[in-house]
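Enquirer: Just passing along the structure, written as structure tokens.
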Amino acid sequence: MMEHGKDASQRAELRERIIMTSTEAFTSKGIKCITMDDIAAALGISKRTLYEVFADKETLLKESILKIQQDRDKYLQEVYEHSSNVLEVILAVFQKSIEIFHKTNKRFFEDIKKYPKVYAMMQDRRDSDSEKTMFFFKSGVEQGIFRSDVNFAIVNLLVREQFDVLLNTDICSEYPFIEVYESIMFTYIRGISTEKGAKVLEDFIQEYRKNRIGHIND
């Protein structure tokens, strides 16, 4: 019985290692150029062992995406529990997104569309995230952070469309990604914020840019 439990534990540990390794490979280099052979070699295991855990590359990719989403949900929950208003949550998530996008190769977003089941799962999740965003907007109005005369459904849709443009055009070959991303985020937050919300945003921007410059100089 103990041996069986040990085997299950080892298999779970191996599964976790495979997901972590593949997630790093997919996001840093793109999906198409990474093979199951590459992942097996990186882990020092046989391809047969890899296929015993994951039937194919798309199944492994799906689990990698789910892991990214779970980590993001956990981070969001922690931030939400320690924040005093929803704008602090949105800005913390923005900062986290910057870190993630910096580590993610643009090819990853291009390649994901070639895996219909995984892409559909991501689109479903995106719709779910939109519902959460609408909840944050409404909470922000109640907290006096966001204006009450804004149609947040339209704002949410416009922001989504702008991020699609960001990922599907060559704008980042002309301007640094971080500047484009900031322009989208800060411009739309300024537009929906009350005076109270604008103060929270400006304090954040000052601290954020100071830290960013310090990081660049290190």
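In the structure tokens, each chain is lettered A, B, ... as it comes, each chain's residues begin at 1, and ligands are numbered from 1 in order of appearance.
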Determine, for each residue of region 29-88 of chain A having at least one atom at most 9 Å from an atom of region 114-117 of chain A, the closest pair of atoms and their separation in Å to one decimal, counting only C-alpha atoms; order by chain and ascending number, as a Markdown table.

Expert:
| residue | atom | partner | partner_atom | distance |
| --- | --- | --- | --- | --- |
| A:Lys32 | CA | A:Lys114 | CA | 8.7 |
| A:Glu58 | CA | A:Tyr115 | CA | 6.8 |
| A:Leu61 | CA | A:Tyr115 | CA | 8.9 |
| A:Lys62 | CA | A:Lys117 | CA | 8.3 |

Enquirer: What's around region 145-158 of chain A at 7 Å? Count only C-alpha atoms, leave out sequence neighbours fewer than 6 positions away in its own chain, and write the answer as a list in words.

Expert: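 Final neighbour list, sorted by chain and number: Met134, Phe137, Ile192, Ser193, Thr194, Lys196 and Gly197 of chain A.
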
Enquirer: Emit the selected residues as a CSV table (one decimal), in the first residue's frame, including all heavy atoms.

Expert:
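Below is the file part_27.csv, written as the result:
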chain,number,residue,atom,x,y,z
A,134,MET,N,-16.0,43.3,-15.0
A,134,MET,CA,-17.3,44.1,-14.8
A,134,MET,C,-17.6,44.2,-13.3
A,134,MET,O,-18.1,45.3,-12.8
A,134,MET,CB,-18.4,43.5,-15.6
A,134,MET,CG,-18.3,43.6,-17.1
A,134,MET,SD,-18.2,45.3,-17.7
A,134,MET,CE,-19.8,45.9,-17.3
A,137,PHE,N,-15.4,46.9,-11.8
A,137,PHE,CA,-15.8,48.2,-12.2
A,137,PHE,C,-17.0,48.7,-11.4
A,137,PHE,O,-17.0,49.8,-10.9
A,137,PHE,CB,-16.2,48.2,-13.7
A,137,PHE,CG,-15.1,48.2,-14.7
A,137,PHE,CD1,-15.3,47.6,-15.9
A,137,PHE,CD2,-13.9,48.8,-14.4
A,137,PHE,CE1,-14.2,47.6,-16.9
A,137,PHE,CE2,-12.8,48.7,-15.3
A,137,PHE,CZ,-13.0,48.1,-16.5
A,192,ILE,N,-11.9,56.6,-16.7
A,192,ILE,CA,-13.0,56.1,-16.0
A,192,ILE,C,-12.9,56.5,-14.5
A,192,ILE,O,-13.9,56.2,-13.7
A,192,ILE,CB,-13.2,54.6,-16.1
A,192,ILE,CG1,-12.0,53.9,-15.5
A,192,ILE,CG2,-13.4,54.2,-17.6
A,192,ILE,CD1,-12.2,52.4,-15.4
A,193,SER,N,-11.8,57.1,-14.1
A,193,SER,CA,-11.6,57.4,-12.6
A,193,SER,C,-12.2,58.7,-12.2
A,193,SER,O,-12.3,59.7,-12.9
A,193,SER,CB,-10.1,57.4,-12.3
A,193,SER,OG,-9.5,56.2,-12.5
A,194,THR,N,-12.7,58.7,-10.9
A,194,THR,CA,-13.1,59.9,-10.3
A,194,THR,C,-11.8,60.6,-9.8
A,194,THR,O,-10.7,60.1,-10.0
A,194,THR,CB,-14.0,59.6,-9.0
A,194,THR,OG1,-13.2,58.8,-8.1
A,194,THR,CG2,-15.2,58.8,-9.4
A,196,LYS,N,-10.9,60.9,-6.8
A,196,LYS,CA,-10.3,60.0,-5.8
A,196,LYS,C,-9.5,58.9,-6.5
A,196,LYS,O,-8.3,58.5,-6.1
A,196,LYS,CB,-11.4,59.4,-4.9
A,196,LYS,CG,-10.9,58.4,-3.9
A,196,LYS,CD,-12.1,57.8,-3.1
A,196,LYS,CE,-11.7,56.7,-2.2
A,196,LYS,NZ,-12.9,56.1,-1.5
A,197,GLY,N,-10.1,58.3,-7.5
A,197,GLY,CA,-9.4,57.2,-8.3
A,197,GLY,C,-8.2,57.7,-9.0
A,197,GLY,O,-7.1,57.0,-9.0

Enquirer: From region 42-198 of chain A, collect each residue whose DSSP state is helix (DSSP H, G or I) and return the set as number ranges by chain.

Expert: A: 42-43, 47-53, 57-82, 86-103, 106-114, 116-142, 152-168, 171-174, 177-192, 195-198

Enquirer: Which of these residues is nearest to Lys103 (chain A), using only C-alpha atoms: A:Lys29, A:Arg15, A:His82, A:Arg190?

Expert: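 Residue with the minimum atom-to-atom distance to Lys103 (chain A): A:Lys29.
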
Enquirer: Skipping near chain neighbours, those fewer than 5 positions away, what residues fall within 12 Å of Thr59 (chain A) using only C-alpha atoms, listed as a compact mmCIF listing (two decimals) with N, CA and C atoms, in the first residue's frame?

Expert:
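Heads up, here's the output in result_18.txt:
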# COMPACT_ATOMS: atom_id res chain seq x y z
N ILE A 18 6.93 18.25 -15.45
CA ILE A 18 6.69 18.32 -16.90
C ILE A 18 5.93 19.60 -17.25
N ILE A 19 4.89 19.90 -16.47
CA ILE A 19 4.09 21.10 -16.74
C ILE A 19 4.93 22.36 -16.58
N SER A 22 7.49 22.55 -19.55
CA SER A 22 6.85 22.84 -20.83
C SER A 22 6.30 24.27 -20.87
N MET A 36 7.90 17.36 -28.26
CA MET A 36 7.86 16.48 -27.08
C MET A 36 9.27 15.94 -26.80
N LEU A 50 7.28 10.41 -20.97
CA LEU A 50 6.52 11.64 -21.16
C LEU A 50 5.12 11.34 -21.70
N TYR A 51 5.05 10.45 -22.69
CA TYR A 51 3.76 10.11 -23.29
C TYR A 51 2.87 9.29 -22.35
N VAL A 53 2.49 10.09 -19.30
CA VAL A 53 1.86 11.11 -18.45
C VAL A 53 0.93 12.01 -19.27
N PHE A 54 1.38 12.39 -20.47
CA PHE A 54 0.58 13.25 -21.34
C PHE A 54 0.48 12.60 -22.73
N SER A 64 -0.59 23.28 -19.28
CA SER A 64 0.30 24.42 -19.04
C SER A 64 -0.50 25.72 -18.92
N ILE A 65 -1.47 25.88 -19.81
CA ILE A 65 -2.32 27.08 -19.78
C ILE A 65 -3.14 27.11 -18.48
N LEU A 66 -3.68 25.96 -18.10
CA LEU A 66 -4.47 25.88 -16.86
C LEU A 66 -3.62 26.25 -15.65
N TYR A 115 -3.94 25.56 -32.15
CA TYR A 115 -4.44 24.46 -31.30
C TYR A 115 -5.87 24.81 -30.89
N PRO A 116 -6.84 24.45 -31.74
CA PRO A 116 -8.24 24.91 -31.58
C PRO A 116 -8.86 24.67 -30.21
N LYS A 117 -8.64 23.48 -29.63
CA LYS A 117 -9.26 23.17 -28.33
C LYS A 117 -8.70 24.07 -27.24
N VAL A 118 -7.39 24.26 -27.25
CA VAL A 118 -6.74 25.09 -26.23
C VAL A 118 -7.13 26.56 -26.43
N MET A 121 -10.55 27.15 -25.18
CA MET A 121 -10.53 27.20 -23.72
C MET A 121 -10.08 28.57 -23.23

Enquirer: Which residues come within 9 Å of Thr27 (chain A), counting only C-alpha atoms, excluding same-chain residues fewer than 6 positions away, as a list in words?

Expert: Lys103, Thr104, Asn105, Lys106, Arg107, Phe108 and Phe109 of chain A

Enquirer: I'd like to know which of A:Gly30, A:Ser9, A:Tyr175, A:Gln69 is closest to Met122 (chain A), using only C-alpha atoms.

Expert: A:Gln69

Enquirer: What is the CA of Glu16 (chain A) to CA of Leu43 (chain A) distance in Å?

Expert: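 Separation between CA of Glu16 (chain A) and CA of Leu43 (chain A): 11.4 Å.
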
Enquirer: Kindly indicate which residue among A:Thr23, A:Thr187, A:Gln143, A:Ser83 lies nearest to Val159 (chain A), using only C-alpha atoms for the distances.

Expert: A:Thr187

Enquirer: Excluding Phe135 (chain A) and any residue of its chain fewer than 3 positions from it, enumerate the residues within 12 Å of it, using only C-alpha atoms, and give them as a ChimeraX atom specification.

Expert: /A:86,90,128-132,138-142,152-153,156

Enquirer: May I have the selected residues written with N, CA and C atoms, as a PDB file, in the first residue's frame?

Expert:
ATOM      1  N   VAL A  86     -10.637  48.516  -5.296  1.00  0.00           N
ATOM      2  CA  VAL A  86     -10.472  47.675  -6.490  1.00  0.00           C
ATOM      3  C   VAL A  86      -9.404  48.202  -7.445  1.00  0.00           C
ATOM      4  N   ILE A  90      -6.548  46.150  -9.600  1.00  0.00           N
ATOM      5  CA  ILE A  90      -6.337  46.273 -11.046  1.00  0.00           C
ATOM      6  C   ILE A  90      -4.893  46.664 -11.354  1.00  0.00           C
ATOM      7  N   SER A 128     -14.960  34.776 -19.159  1.00  0.00           N
ATOM      8  CA  SER A 128     -15.147  34.700 -17.708  1.00  0.00           C
ATOM      9  C   SER A 128     -14.412  35.843 -17.007  1.00  0.00           C
ATOM     10  N   ASP A 129     -13.203  36.146 -17.477  1.00  0.00           N
ATOM     11  CA  ASP A 129     -12.423  37.252 -16.911  1.00  0.00           C
ATOM     12  C   ASP A 129     -13.135  38.590 -17.121  1.00  0.00           C
ATOM     13  N   SER A 130     -13.815  38.715 -18.261  1.00  0.00           N
ATOM     14  CA  SER A 130     -14.554  39.943 -18.548  1.00  0.00           C
ATOM     15  C   SER A 130     -15.667  40.162 -17.530  1.00  0.00           C
ATOM     16  N   GLU A 131     -16.317  39.070 -17.135  1.00  0.00           N
ATOM     17  CA  GLU A 131     -17.375  39.162 -16.116  1.00  0.00           C
ATOM     18  C   GLU A 131     -16.792  39.634 -14.784  1.00  0.00           C
ATOM     19  N   LYS A 132     -15.605  39.120 -14.436  1.00  0.00           N
ATOM     20  CA  LYS A 132     -14.937  39.543 -13.193  1.00  0.00           C
ATOM     21  C   LYS A 132     -14.541  41.017 -13.268  1.00  0.00           C
ATOM     22  N   LYS A 138     -17.963  47.804 -11.177  1.00  0.00           N
ATOM     23  CA  LYS A 138     -19.137  48.154 -10.367  1.00  0.00           C
ATOM     24  C   LYS A 138     -18.742  48.414  -8.914  1.00  0.00           C
ATOM     25  N   SER A 139     -17.824  47.585  -8.400  1.00  0.00           N
ATOM     26  CA  SER A 139     -17.337  47.786  -7.029  1.00  0.00           C
ATOM     27  C   SER A 139     -16.604  49.119  -6.919  1.00  0.00           C
ATOM     28  N   GLY A 140     -15.852  49.466  -7.976  1.00  0.00           N
ATOM     29  CA  GLY A 140     -15.116  50.726  -7.991  1.00  0.00           C
ATOM     30  C   GLY A 140     -16.039  51.935  -7.954  1.00  0.00           C
ATOM     31  N   VAL A 141     -17.182  51.823  -8.627  1.00  0.00           N
ATOM     32  CA  VAL A 141     -18.180  52.900  -8.594  1.00  0.00           C
ATOM     33  C   VAL A 141     -18.706  53.064  -7.172  1.00  0.00           C
ATOM     34  N   GLU A 142     -19.010  51.938  -6.523  1.00  0.00           N
ATOM     35  CA  GLU A 142     -19.528  51.958  -5.142  1.00  0.00           C
ATOM     36  C   GLU A 142     -18.489  52.545  -4.176  1.00  0.00           C
ATOM     37  N   PHE A 152     -19.394  50.675 -18.748  1.00  0.00           N
ATOM     38  CA  PHE A 152     -18.214  49.829 -18.567  1.00  0.00           C
ATOM     39  C   PHE A 152     -18.185  48.637 -19.518  1.00  0.00           C
ATOM     40  N   ALA A 153     -19.337  48.219 -20.014  1.00  0.00           N
ATOM     41  CA  ALA A 153     -19.368  47.127 -20.998  1.00  0.00           C
ATOM     42  C   ALA A 153     -18.620  47.554 -22.262  1.00  0.00           C
ATOM     43  N   ASN A 156     -14.814  47.874 -21.437  1.00  0.00           N
ATOM     44  CA  ASN A 156     -14.230  46.541 -21.353  1.00  0.00           C
ATOM     45  C   ASN A 156     -13.974  45.972 -22.749  1.00  0.00           C
TER      46      ASN A 156
END
